[in-house]
Amino acid sequence: MSVIDHLVLAVPDLDEAADWFASATGVRPAPGGAHVGMGTHNALVSFGSGYLELIAPDPTQPDPEDGRPFGIDTLDERRLVAFAVRPDSDTTIDGMIEAAGHAGYEPGEAVAMTRLAPGGVLLHWRLTFPRTSWSGIDLHGTVPFVIDWADTPMPATTAPGGLELLEFAVDHPEPATIEAAHRALGIDVEVRPSTHAGLTARLAGPGGTIDL
């Protein structure tokens, strides 16, 4: 019912992170644009069916009243903080949300978003905001939010490529609860029991392999 759309890597400084990533993998993330009102900007790099988003504070924007997403305001090092899934070609984001609700997990309502890409192209998409907790536990990004690009070209098809996602896994002290949410969303991601909650990924490029 769904596939991984992208992984979200929060970084303190976008230019420094792009330099580091290019040196490690041989592929430089391309500027994606600013999230106006959220105080962030991003850079993107594709691994084929999905992409990695590097997201950081945007020094050209004022601090948002409610803070930046993904705990970016208190970030002092690079961290994989979230991931997103998109509906497969046989369903819509609304159908996916409804099906997940019937299966016991409520992703939330889909909200329309926009971003001004370099070159002045305005991108449109809809997404559910990441849930921070469910069924009495803190999620820490281990359950994805849902996104749908509709008629906008998916960044996985437009961002610089040449990368391969070798591994992606979720760690959580309550793996059965996380797996139940994943099943409701129709995804198959490795969930490992752990004393801490978080995400790990391994990407390979022409210049080397990187662990996130």
# chains A, B, ... in the order shown; residues from 1 in each chain; ligands from 1

$ closest_atom_pairs --of "segment 73-123 of chain A" --to "segment 160-182 of chain A" --cutoff "12 Å" --atoms "only C-alpha atoms" --output "JSON lines"
{"residue": "A:Leu80", "atom": "CA", "partner": "A:Val170", "partner_atom": "CA", "distance": 10.7}
{"residue": "A:Val81", "atom": "CA", "partner": "A:Val170", "partner_atom": "CA", "distance": 10.9}
{"residue": "A:Ala82", "atom": "CA", "partner": "A:Val170", "partner_atom": "CA", "distance": 10.2}
{"residue": "A:Phe83", "atom": "CA", "partner": "A:Val170", "partner_atom": "CA", "distance": 10.3}
{"residue": "A:Ala84", "atom": "CA", "partner": "A:His182", "partner_atom": "CA", "distance": 11.6}
{"residue": "A:Val85", "atom": "CA", "partner": "A:His182", "partner_atom": "CA", "distance": 10.3}
{"residue": "A:Ile97", "atom": "CA", "partner": "A:Ala181", "partner_atom": "CA", "distance": 11.9}
{"residue": "A:Ala99", "atom": "CA", "partner": "A:Ala181", "partner_atom": "CA", "distance": 11.7}
{"residue": "A:Ala100", "atom": "CA", "partner": "A:Ala181", "partner_atom": "CA", "distance": 8.1}
{"residue": "A:Gly101", "atom": "CA", "partner": "A:Ala181", "partner_atom": "CA", "distance": 9.9}
{"residue": "A:His102", "atom": "CA", "partner": "A:Ala181", "partner_atom": "CA", "distance": 11.5}
{"residue": "A:Ala103", "atom": "CA", "partner": "A:Ala181", "partner_atom": "CA", "distance": 8.5}
{"residue": "A:Gly104", "atom": "CA", "partner": "A:Ala181", "partner_atom": "CA", "distance": 7.5}
{"residue": "A:Tyr105", "atom": "CA", "partner": "A:Ala181", "partner_atom": "CA", "distance": 5.7}
{"residue": "A:Glu106", "atom": "CA", "partner": "A:Ala181", "partner_atom": "CA", "distance": 8.7}
{"residue": "A:Pro107", "atom": "CA", "partner": "A:Ala181", "partner_atom": "CA", "distance": 9.1}

$ write_last_selection --atoms "N, CA and C atoms" --output "JSON list (two decimals), in the first residue's frame"
[["chain", "number", "residue", "atom", "x", "y", "z"],
["A", 80, "LEU", "N", 19.38, 11.43, 11.91],
["A", 80, "LEU", "CA", 18.25, 10.95, 11.12],
["A", 80, "LEU", "C", 17.03, 11.01, 12.02],
["A", 81, "VAL", "N", 16.06, 11.87, 11.67],
["A", 81, "VAL", "CA", 14.98, 12.18, 12.61],
["A", 81, "VAL", "C", 13.60, 11.68, 12.20],
["A", 82, "ALA", "N", 13.42, 11.34, 10.92],
["A", 82, "ALA", "CA", 12.09, 10.95, 10.47],
["A", 82, "ALA", "C", 12.19, 10.29, 9.10],
["A", 83, "PHE", "N", 11.08, 9.66, 8.71],
["A", 83, "PHE", "CA", 10.97, 9.20, 7.33],
["A", 83, "PHE", "C", 9.51, 9.31, 6.89],
["A", 84, "ALA", "N", 9.32, 9.34, 5.58],
["A", 84, "ALA", "CA", 7.99, 9.51, 5.01],
["A", 84, "ALA", "C", 7.70, 8.37, 4.05],
["A", 85, "VAL", "N", 6.43, 8.00, 3.98],
["A", 85, "VAL", "CA", 5.98, 7.03, 2.99],
["A", 85, "VAL", "C", 4.94, 7.68, 2.10],
["A", 97, "ILE", "N", -4.80, 7.01, 4.49],
["A", 97, "ILE", "CA", -5.10, 7.47, 5.85],
["A", 97, "ILE", "C", -6.32, 6.72, 6.39],
["A", 99, "ALA", "N", -7.49, 3.76, 5.42],
["A", 99, "ALA", "CA", -7.17, 2.35, 5.63],
["A", 99, "ALA", "C", -6.35, 2.15, 6.90],
["A", 100, "ALA", "N", -5.40, 3.06, 7.16],
["A", 100, "ALA", "CA", -4.60, 2.96, 8.38],
["A", 100, "ALA", "C", -5.47, 3.12, 9.62],
["A", 101, "GLY", "N", -6.44, 4.05, 9.55],
["A", 101, "GLY", "CA", -7.35, 4.24, 10.68],
["A", 101, "GLY", "C", -8.15, 3.00, 10.98],
["A", 102, "HIS", "N", -8.65, 2.34, 9.93],
["A", 102, "HIS", "CA", -9.41, 1.10, 10.11],
["A", 102, "HIS", "C", -8.53, 0.01, 10.71],
["A", 103, "ALA", "N", -7.21, 0.08, 10.44],
["A", 103, "ALA", "CA", -6.28, -0.93, 10.95],
["A", 103, "ALA", "C", -5.75, -0.58, 12.33],
["A", 104, "GLY", "N", -6.18, 0.56, 12.89],
["A", 104, "GLY", "CA", -5.83, 0.87, 14.26],
["A", 104, "GLY", "C", -4.83, 1.97, 14.48],
["A", 105, "TYR", "N", -4.33, 2.61, 13.40],
["A", 105, "TYR", "CA", -3.37, 3.70, 13.56],
["A", 105, "TYR", "C", -3.90, 4.94, 12.83],
["A", 106, "GLU", "N", -3.89, 6.08, 13.51],
["A", 106, "GLU", "CA", -4.40, 7.33, 12.95],
["A", 106, "GLU", "C", -3.22, 8.24, 12.56],
["A", 107, "PRO", "N", -2.90, 8.34, 11.26],
["A", 107, "PRO", "CA", -1.77, 9.18, 10.85],
["A", 107, "PRO", "C", -2.04, 10.67, 10.98]]

$ atom_distance --atom1 "atom CA of Gly32 of chain A" --atom2 "atom CA of His6 of chain A"
13.5 Å

$ select_by_dssp --residues "segment 39-201 of chain A" --states "strand (DSSP E)" --output "mmCIF file with C-alpha atoms, in the first residue's frame"
data_model
loop_
_atom_site.group_PDB
_atom_site.id
_atom_site.type_symbol
_atom_site.label_atom_id
_atom_site.label_comp_id
_atom_site.auth_asym_id
_atom_site.auth_seq_id
_atom_site.Cartn_x
_atom_site.Cartn_y
_atom_site.Cartn_z
ATOM 1 C CA THR A 40 14.121 25.814 7.457
ATOM 2 C CA HIS A 41 15.646 25.032 4.078
ATOM 3 C CA ASN A 42 16.814 21.782 2.547
ATOM 4 C CA ALA A 43 18.980 19.941 0.057
ATOM 5 C CA LEU A 44 18.058 16.678 -1.658
ATOM 6 C CA VAL A 45 19.779 13.609 -3.088
ATOM 7 C CA SER A 46 18.082 10.586 -4.671
ATOM 8 C CA TYR A 51 15.501 10.388 -1.571
ATOM 9 C CA LEU A 52 17.382 11.819 1.397
ATOM 10 C CA GLU A 53 16.391 15.274 2.624
ATOM 11 C CA LEU A 54 18.989 17.300 4.513
ATOM 12 C CA ILE A 55 17.099 19.943 6.487
ATOM 13 C CA ALA A 56 18.589 22.799 8.507
ATOM 14 C CA PRO A 57 17.789 26.219 9.987
ATOM 15 C CA ARG A 79 20.699 13.081 13.091
ATOM 16 C CA LEU A 80 18.253 10.947 11.120
ATOM 17 C CA VAL A 81 14.984 12.185 12.611
ATOM 18 C CA ALA A 82 12.087 10.945 10.470
ATOM 19 C CA PHE A 83 10.967 9.202 7.328
ATOM 20 C CA ALA A 84 7.989 9.509 5.010
ATOM 21 C CA VAL A 85 5.984 7.025 2.987
ATOM 22 C CA ARG A 86 3.809 7.688 -0.045
ATOM 23 C CA PRO A 87 0.824 5.770 -1.401
ATOM 24 C CA VAL A 111 -2.336 19.192 4.958
ATOM 25 C CA ALA A 112 -1.410 21.083 1.773
ATOM 26 C CA MET A 113 2.189 22.365 1.650
ATOM 27 C CA THR A 114 4.319 24.345 -0.822
ATOM 28 C CA ARG A 115 8.007 25.070 -1.357
ATOM 29 C CA LEU A 116 9.678 27.476 -3.782
ATOM 30 C CA LEU A 122 6.441 26.349 -6.786
ATOM 31 C CA LEU A 123 6.066 22.750 -5.626
ATOM 32 C CA HIS A 124 2.824 21.456 -4.114
ATOM 33 C CA TRP A 125 2.239 18.369 -1.998
ATOM 34 C CA ARG A 126 0.087 17.059 0.848
ATOM 35 C CA LEU A 127 1.301 15.393 4.015
ATOM 36 C CA SER A 133 3.507 9.598 20.380
ATOM 37 C CA TRP A 134 1.015 6.770 19.974
ATOM 38 C CA ILE A 137 4.799 5.585 23.875
ATOM 39 C CA ASP A 138 7.076 8.238 22.386
ATOM 40 C CA PHE A 145 4.405 10.440 8.171
ATOM 41 C CA VAL A 146 2.508 10.169 4.882
ATOM 42 C CA ILE A 147 3.132 12.317 1.811
ATOM 43 C CA ASP A 148 1.591 12.561 -1.652
ATOM 44 C CA GLU A 164 21.753 3.191 -3.238
ATOM 45 C CA LEU A 165 19.943 2.649 0.058
ATOM 46 C CA LEU A 166 21.677 -0.473 1.375
ATOM 47 C CA GLU A 167 20.043 -0.657 4.805
ATOM 48 C CA PHE A 168 17.270 1.073 6.711
ATOM 49 C CA ALA A 169 15.995 0.044 10.133
ATOM 50 C CA VAL A 170 14.037 1.295 13.124
ATOM 51 C CA ASP A 171 15.061 0.761 16.757
ATOM 52 C CA HIS A 172 12.580 1.003 19.625
ATOM 53 C CA GLU A 190 12.945 -3.802 9.871
ATOM 54 C CA VAL A 191 12.071 -2.975 13.507
ATOM 55 C CA ARG A 192 14.693 -3.971 16.075
ATOM 56 C CA PRO A 193 14.242 -4.144 19.861
ATOM 57 C CA GLY A 198 15.751 5.970 16.499
ATOM 58 C CA LEU A 199 16.511 5.361 12.839
ATOM 59 C CA THR A 200 19.605 4.063 11.062
ATOM 60 C CA ALA A 201 20.434 3.946 7.362
#

$ residues_around --residues "Ile210 of chain A" --least-positions-apart "5" --cutoff "9 Å" --atoms "only C-alpha atoms" --output "PDB file with N, CA and C atoms, in the first residue's frame"
ATOM      1  N   PHE A  21      28.608  15.385   2.979  1.00  0.00           N
ATOM      2  CA  PHE A  21      27.954  14.285   2.284  1.00  0.00           C
ATOM      3  C   PHE A  21      28.620  14.024   0.939  1.00  0.00           C
ATOM      4  N   ALA A  24      31.905  12.242   1.397  1.00  0.00           N
ATOM      5  CA  ALA A  24      31.775  10.855   1.851  1.00  0.00           C
ATOM      6  C   ALA A  24      31.232   9.925   0.777  1.00  0.00           C
ATOM      7  N   THR A  25      30.354  10.435  -0.093  1.00  0.00           N
ATOM      8  CA  THR A  25      29.657   9.552  -1.036  1.00  0.00           C
ATOM      9  C   THR A  25      29.979   9.816  -2.506  1.00  0.00           C
ATOM     10  N   ALA A 201      20.434   4.212   8.794  1.00  0.00           N
ATOM     11  CA  ALA A 201      20.434   3.946   7.362  1.00  0.00           C
ATOM     12  C   ALA A 201      21.873   3.865   6.876  1.00  0.00           C
ATOM     13  N   ARG A 202      22.065   3.120   5.795  1.00  0.00           N
ATOM     14  CA  ARG A 202      23.364   3.055   5.123  1.00  0.00           C
ATOM     15  C   ARG A 202      23.145   3.338   3.644  1.00  0.00           C
ATOM     16  N   LEU A 203      23.875   4.327   3.130  1.00  0.00           N
ATOM     17  CA  LEU A 203      23.782   4.727   1.728  1.00  0.00           C
ATOM     18  C   LEU A 203      25.139   4.544   1.064  1.00  0.00           C
ATOM     19  N   ALA A 204      25.138   4.073  -0.170  1.00  0.00           N
ATOM     20  CA  ALA A 204      26.360   3.892  -0.935  1.00  0.00           C
ATOM     21  C   ALA A 204      26.320   4.763  -2.174  1.00  0.00           C
ATOM     22  N   GLY A 205      27.449   5.441  -2.449  1.00  0.00           N
ATOM     23  CA  GLY A 205      27.572   6.242  -3.642  1.00  0.00           C
ATOM     24  C   GLY A 205      28.859   5.882  -4.353  1.00  0.00           C
TER      25      GLY A 205
END

$ decode --residues "segment 41-163 of chain A" --atoms "C-alpha atoms" --output "compact mmCIF listing (two decimals), in the first residue's frame"
# COMPACT_ATOMS: atom_id res chain seq x y z
CA HIS A 41 15.65 25.03 4.08
CA ASN A 42 16.81 21.78 2.55
CA ALA A 43 18.98 19.94 0.06
CA LEU A 44 18.06 16.68 -1.66
CA VAL A 45 19.78 13.61 -3.09
CA SER A 46 18.08 10.59 -4.67
CA PHE A 47 18.59 6.89 -4.00
CA GLY A 48 16.32 5.79 -6.83
CA SER A 49 12.82 5.07 -5.56
CA GLY A 50 13.23 7.60 -2.73
CA TYR A 51 15.50 10.39 -1.57
CA LEU A 52 17.38 11.82 1.40
CA GLU A 53 16.39 15.27 2.62
CA LEU A 54 18.99 17.30 4.51
CA ILE A 55 17.10 19.94 6.49
CA ALA A 56 18.59 22.80 8.51
CA PRO A 57 17.79 26.22 9.99
CA ASP A 58 17.45 28.85 7.26
CA PRO A 59 19.44 31.93 8.36
CA THR A 60 17.45 34.14 5.95
CA GLN A 61 14.17 33.48 7.81
CA PRO A 62 13.09 34.68 11.26
CA ASP A 63 12.69 32.13 14.03
CA PRO A 64 9.17 30.68 13.84
CA GLU A 65 6.95 31.28 16.85
CA ASP A 66 6.36 27.59 17.50
CA GLY A 67 9.93 26.50 16.78
CA ARG A 68 11.35 24.57 13.85
CA PRO A 69 10.27 20.98 13.13
CA PHE A 70 12.20 17.83 14.05
CA GLY A 71 13.90 19.42 17.09
CA ILE A 72 16.18 21.39 14.79
CA ASP A 73 16.43 24.34 17.18
CA THR A 74 18.34 22.25 19.75
CA LEU A 75 20.34 20.19 17.26
CA ASP A 76 24.11 20.08 17.72
CA GLU A 77 24.96 17.22 15.35
CA ARG A 78 23.58 15.43 12.29
CA ARG A 79 20.70 13.08 13.09
CA LEU A 80 18.25 10.95 11.12
CA VAL A 81 14.98 12.18 12.61
CA ALA A 82 12.09 10.95 10.47
CA PHE A 83 10.97 9.20 7.33
CA ALA A 84 7.99 9.51 5.01
CA VAL A 85 5.98 7.03 2.99
CA ARG A 86 3.81 7.69 -0.05
CA PRO A 87 0.82 5.77 -1.40
CA ASP A 88 1.47 3.30 -4.17
CA SER A 89 -0.08 3.88 -7.58
CA ASP A 90 -3.29 2.08 -6.63
CA THR A 91 -4.40 4.44 -3.85
CA THR A 92 -4.42 8.07 -2.68
CA ILE A 93 -3.20 9.70 0.50
CA ASP A 94 -6.80 9.99 1.71
CA GLY A 95 -7.41 6.31 1.01
CA MET A 96 -4.20 5.38 2.78
CA ILE A 97 -5.10 7.47 5.85
CA GLU A 98 -8.55 5.89 5.97
CA ALA A 99 -7.17 2.35 5.63
CA ALA A 100 -4.60 2.96 8.38
CA GLY A 101 -7.35 4.24 10.68
CA HIS A 102 -9.41 1.10 10.11
CA ALA A 103 -6.28 -0.93 10.95
CA GLY A 104 -5.83 0.87 14.26
CA TYR A 105 -3.37 3.70 13.56
CA GLU A 106 -4.40 7.33 12.95
CA PRO A 107 -1.77 9.18 10.85
CA GLY A 108 -3.68 12.47 11.06
CA GLU A 109 -5.20 14.68 8.38
CA ALA A 110 -3.39 15.53 5.16
CA VAL A 111 -2.34 19.19 4.96
CA ALA A 112 -1.41 21.08 1.77
CA MET A 113 2.19 22.37 1.65
CA THR A 114 4.32 24.34 -0.82
CA ARG A 115 8.01 25.07 -1.36
CA LEU A 116 9.68 27.48 -3.78
CA ALA A 117 12.36 25.50 -5.59
CA PRO A 118 15.46 27.07 -7.16
CA GLY A 119 14.47 28.56 -10.49
CA GLY A 120 11.19 29.84 -9.12
CA VAL A 121 9.10 26.67 -9.51
CA LEU A 122 6.44 26.35 -6.79
CA LEU A 123 6.07 22.75 -5.63
CA HIS A 124 2.82 21.46 -4.11
CA TRP A 125 2.24 18.37 -2.00
CA ARG A 126 0.09 17.06 0.85
CA LEU A 127 1.30 15.39 4.01
CA THR A 128 0.37 14.33 7.51
CA PHE A 129 2.45 15.86 10.28
CA PRO A 130 4.71 13.36 12.08
CA ARG A 131 3.16 11.98 15.26
CA THR A 132 5.34 12.26 18.35
CA SER A 133 3.51 9.60 20.38
CA TRP A 134 1.01 6.77 19.97
CA SER A 135 -0.45 4.06 22.17
CA GLY A 136 1.23 5.51 25.23
CA ILE A 137 4.80 5.59 23.88
CA ASP A 138 7.08 8.24 22.39
CA LEU A 139 7.79 7.46 18.74
CA HIS A 140 10.99 9.47 18.11
CA GLY A 141 10.44 9.37 14.35
CA THR A 142 10.11 5.59 14.15
CA VAL A 143 6.64 5.70 12.54
CA PRO A 144 6.55 7.56 9.21
CA PHE A 145 4.41 10.44 8.17
CA VAL A 146 2.51 10.17 4.88
CA ILE A 147 3.13 12.32 1.81
CA ASP A 148 1.59 12.56 -1.65
CA TRP A 149 3.14 14.60 -4.49
CA ALA A 150 0.07 14.38 -6.76
CA ASP A 151 1.03 16.15 -10.04
CA THR A 152 4.32 17.60 -8.75
CA PRO A 153 7.38 15.63 -9.93
CA MET A 154 8.69 13.55 -7.04
CA PRO A 155 12.10 14.75 -5.75
CA ALA A 156 13.34 11.16 -6.07
CA THR A 157 13.12 11.66 -9.85
CA THR A 158 14.64 15.17 -9.98
CA ALA A 159 17.36 15.24 -7.28
CA PRO A 160 20.97 14.21 -8.04
CA GLY A 161 21.23 10.41 -8.12
CA GLY A 162 23.83 7.68 -8.01
CA LEU A 163 23.10 6.51 -4.47
